[in-house]
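Shown below: protein-v4.pdb, with PDB, C-alpha atoms, pLDDT in the B column.
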MODEL        1
ATOM      1  CA  MET P 387     119.907  90.076  69.850  1.00 50.00           C
ATOM      2  CA  ARG P 388     122.056  90.677  72.940  1.00 51.00           C
ATOM      3  CA  ARG P 389     118.981  91.540  74.996  1.00 52.00           C
ATOM      4  CA  GLN P 390     117.352  88.248  74.036  1.00 50.00           C
ATOM      5  CA  LYS P 391     120.510  86.350  74.881  1.00 50.00           C
ATOM      6  CA  ARG P 392     120.786  88.033  78.281  1.00 51.00           C
ATOM      7  CA  ALA P 393     117.104  87.292  78.978  1.00 50.00           C
ATOM      8  CA  ARG P 394     117.914  83.592  78.826  1.00 52.00           C
ATOM      9  CA  TRP P 395     120.256  83.885  81.818  1.00 53.00           C
ATOM     10  CA  ASP P 396     119.437  84.871  85.373  1.00 50.00           C
ATOM     11  CA  SER P 397     121.616  87.073  87.602  1.00 56.00           C
ATOM     12  CA  SER P 398     123.656  84.113  88.866  1.00 57.00           C
ATOM     13  CA  GLY P 399     124.603  83.065  85.318  1.00 58.00           C
ATOM     14  CA  ARG P 400     122.312  80.054  85.224  1.00 56.00           C
ATOM     15  CA  SER P 401     120.072  79.559  82.257  1.00 64.00           C
ATOM     16  CA  ALA P 402     116.540  80.846  82.726  1.00 64.00           C
ATOM     17  CA  ARG P 403     115.238  77.322  82.125  1.00 72.00           C
ATOM     18  CA  ARG P 404     117.315  75.894  84.990  1.00 74.00           C
ATOM     19  CA  SER P 405     116.381  78.820  87.191  1.00 79.00           C
ATOM     20  CA  ARG P 406     112.658  78.216  86.546  1.00 82.00           C
ATOM     21  CA  ALA P 407     113.152  74.506  87.212  1.00 85.00           C
ATOM     22  CA  ALA P 408     114.854  75.296  90.538  1.00 84.00           C
ATOM     23  CA  ARG P 409     111.994  77.619  91.553  1.00 79.00           C
ATOM     24  CA  ALA P 410     109.411  75.014  90.544  1.00 83.00           C
ATOM     25  CA  SER P 411     111.229  72.386  92.577  1.00 86.00           C
ATOM     26  CA  ARG P 412     111.362  74.717  95.589  1.00 81.00           C
ATOM     27  CA  LEU P 413     107.634  75.451  95.312  1.00 78.00           C
ATOM     28  CA  ALA P 414     106.883  71.728  95.145  1.00 85.00           C
ATOM     29  CA  GLU P 415     108.768  71.178  98.414  1.00 88.00           C
ATOM     30  CA  ILE P 416     107.564  74.161 100.451  1.00 85.00           C
ATOM     31  CA  SER P 417     105.249  73.399 103.349  1.00 89.00           C
ATOM     32  CA  TYR P 418     102.065  75.207 104.272  1.00 87.00           C
ATOM     33  CA  ASP P 419     103.579  76.155 107.637  1.00 90.00           C
ATOM     34  CA  GLU P 420     106.586  77.677 105.876  1.00 88.00           C
ATOM     35  CA  ILE P 421     104.327  79.695 103.592  1.00 83.00           C
ATOM     36  CA  LEU P 422     102.443  81.032 106.611  1.00 83.00           C
ATOM     37  CA  SER P 423     105.567  81.882 108.565  1.00 83.00           C
ATOM     38  CA  GLU P 424     107.750  83.232 105.739  1.00 82.00           C
ATOM     39  CA  TYR P 425     105.522  84.563 102.968  1.00 79.00           C
ATOM     40  CA  ALA P 426     101.981  85.294 104.137  1.00 84.00           C
ATOM     41  CA  VAL P 427     101.003  88.388 106.095  1.00 87.00           C
ATOM     42  CA  PHE P 428      97.688  88.119 107.904  1.00 84.00           C
ATOM     43  CA  GLY P 429      95.964  88.865 111.177  1.00 83.00           C
ATOM     44  CA  THR P 430      94.776  91.932 113.020  1.00 82.00           C
ATOM     45  CA  PRO P 431      95.702  95.326 111.568  1.00 77.00           C
ATOM     46  CA  GLU P 432      98.322  95.688 114.293  1.00 82.00           C
ATOM     47  CA  ALA P 433      99.844  92.271 113.540  1.00 88.00           C
ATOM     48  CA  VAL P 434      99.921  93.058 109.811  1.00 84.00           C
ATOM     49  CA  VAL P 435     101.649  96.393 110.457  1.00 85.00           C
ATOM     50  CA  ASP P 436     104.243  94.732 112.692  1.00 89.00           C
ATOM     51  CA  ARG P 437     104.974  92.006 110.132  1.00 88.00           C
ATOM     52  CA  LEU P 438     105.151  94.425 107.197  1.00 87.00           C
ATOM     53  CA  GLN P 439     107.501  96.712 109.119  1.00 89.00           C
ATOM     54  CA  GLU P 440     109.684  93.709 109.980  1.00 90.00           C
ATOM     55  CA  LEU P 441     109.771  92.631 106.325  1.00 86.00           C
ATOM     56  CA  ARG P 442     110.533  96.185 105.184  1.00 86.00           C
ATOM     57  CA  GLU P 443     113.511  96.326 107.561  1.00 90.00           C
ATOM     58  CA  GLN P 444     114.760  92.943 106.315  1.00 87.00           C
ATOM     59  CA  MET P 445     114.256  93.566 102.597  1.00 84.00           C
ATOM     60  CA  GLY P 446     114.090  97.323 102.224  1.00 86.00           C
ATOM     61  CA  PHE P 447     110.973  97.334 100.061  1.00 82.00           C
ATOM     62  CA  SER P 448     109.215 100.596  99.307  1.00 81.00           C
ATOM     63  CA  THR P 449     106.080  99.319  97.558  1.00 83.00           C
ATOM     64  CA  LEU P 450     103.637  96.570  98.336  1.00 79.00           C
ATOM     65  CA  SER P 451     101.375  94.363  96.227  1.00 80.00           C
ATOM     66  CA  THR P 452      98.565  92.514  97.912  1.00 78.00           C
ATOM     67  CA  TRP P 453      96.393  89.581  96.983  1.00 79.00           C
ATOM     68  CA  MET P 454      93.247  90.044  99.013  1.00 75.00           C
ATOM     69  CA  ASN P 455      91.319  87.073  97.627  1.00 80.00           C
ATOM     70  CA  PRO P 456      93.526  84.029  97.083  1.00 76.00           C
ATOM     71  CA  GLY P 457      91.465  81.350  95.432  1.00 79.00           C
ATOM     72  CA  GLY P 458      88.700  83.783  94.499  1.00 85.00           C
ATOM     73  CA  ARG P 459      86.251  82.387  97.051  1.00 88.00           C
ATOM     74  CA  ILE P 460      85.513  85.564  98.985  1.00 88.00           C
ATOM     75  CA  PRO P 461      82.596  87.657  97.681  1.00 91.00           C
ATOM     76  CA  ASN P 462      83.826  90.791  95.901  1.00 90.00           C
ATOM     77  CA  GLU P 463      82.082  93.124  98.369  1.00 91.00           C
ATOM     78  CA  ARG P 464      84.082  91.657 101.262  1.00 89.00           C
ATOM     79  CA  VAL P 465      87.340  91.960  99.320  1.00 87.00           C
ATOM     80  CA  LEU P 466      86.648  95.610  98.555  1.00 89.00           C
ATOM     81  CA  LYS P 467      85.782  96.228 102.217  1.00 88.00           C
ATOM     82  CA  SER P 468      89.053  94.645 103.348  1.00 82.00           C
ATOM     83  CA  MET P 469      90.973  96.756 100.837  1.00 83.00           C
ATOM     84  CA  ARG P 470      89.343  99.924 102.161  1.00 87.00           C
ATOM     85  CA  LEU P 471      90.132  98.908 105.740  1.00 83.00           C
ATOM     86  CA  PHE P 472      93.721  98.162 104.773  1.00 80.00           C
ATOM     87  CA  ALA P 473      94.058 101.575 103.133  1.00 83.00           C
ATOM     88  CA  GLU P 474      92.505 103.324 106.138  1.00 84.00           C
ATOM     89  CA  ARG P 475      94.074 101.441 109.032  1.00 80.00           C
ATOM     90  CA  VAL P 476      97.251  99.714 107.931  1.00 74.00           C
ATOM     91  CA  ALA P 477      98.834 101.601 105.050  1.00 75.00           C
ATOM     92  CA  PRO P 478      99.177 104.931 106.941  1.00 78.00           C
ATOM     93  CA  LEU P 479     101.137 103.151 109.687  1.00 73.00           C
ATOM     94  CA  LEU P 480     103.759 101.893 107.280  1.00 69.00           C
TER      95      LEU P 480
ENDMDL
END
Exercise: express the given structure as structure tokens:
Amino acid sequence: MRRQKRARWDSSGRSARRSRAARASRLAEISYDEILSEYAVFGTPEAVVDRLQELREQMGFSTLSTWMNPGGRIPNERVLKSMRLFAERVAPLL
């Protein structure tokens, strides 16, 4: 019962419902340019490495999740190729 009660509150003490509403409101207001500059990592392998290293220094992350095909419009073969290239060229540099 306590676990369920705690799950309804976020770390700041706000209810989970209000917290979700705040995130939804933020997402509704965010601009494409802000997404590109603050959240997306793209470009040449060197540019991706630089950006990921910068983000790691800022946030201290030790793992990385990627979404190689946002929107699902890239043929699967190309996605797999980009994942192999990422693993070969970018990941070892991190």
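As for atom CA of P:Trp453 and atom CA of P:Arg409, they are spaced 20.4 Å apart.
The space separating atom CA of P:Arg475 from atom CA of P:Gly457 comes to 24.4 Å.
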Padding of 5 Å on every side, edges along x, y and z, all listed atoms of stretch 436-447 of chain P included: what centre and edge lengths in Å, to one decimal, does that box have, as AutoDock Vina command-line options?
--center_x 109.5 --center_y 94.7 --center_z 106.4 --size_x 20.5 --size_y 15.3 --size_z 22.6
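A straight line drawn from atom CA of P:Met445 to atom CA of P:Glu424 is 12.6 Å long.
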Surrounding residues of stretch 426-437 of chain P excluding itself and chain neighbours under 5 positions, 12 Å, all atoms listed in the file, as a list of chain:residue names
P:Tyr418, P:Asp419, P:Glu420, P:Ile421, P:Arg442, P:Glu443, P:Gln444, P:Leu450, P:Ser451, P:Thr452, P:Trp453, P:Met454, P:Pro456, P:Ser468, P:Met469, P:Leu471, P:Phe472, P:Ala473, P:Glu474, P:Arg475, P:Val476, P:Ala477, P:Pro478, P:Leu479, P:Leu480
Using all atoms listed in the file, determine which residues lie at most 9 Å from P:Val465, disregarding the query and same-chain residues fewer than 5 positions distant; provide the list as a list in words.
Met454, Asn455, Ile460 and Arg470 of chain P
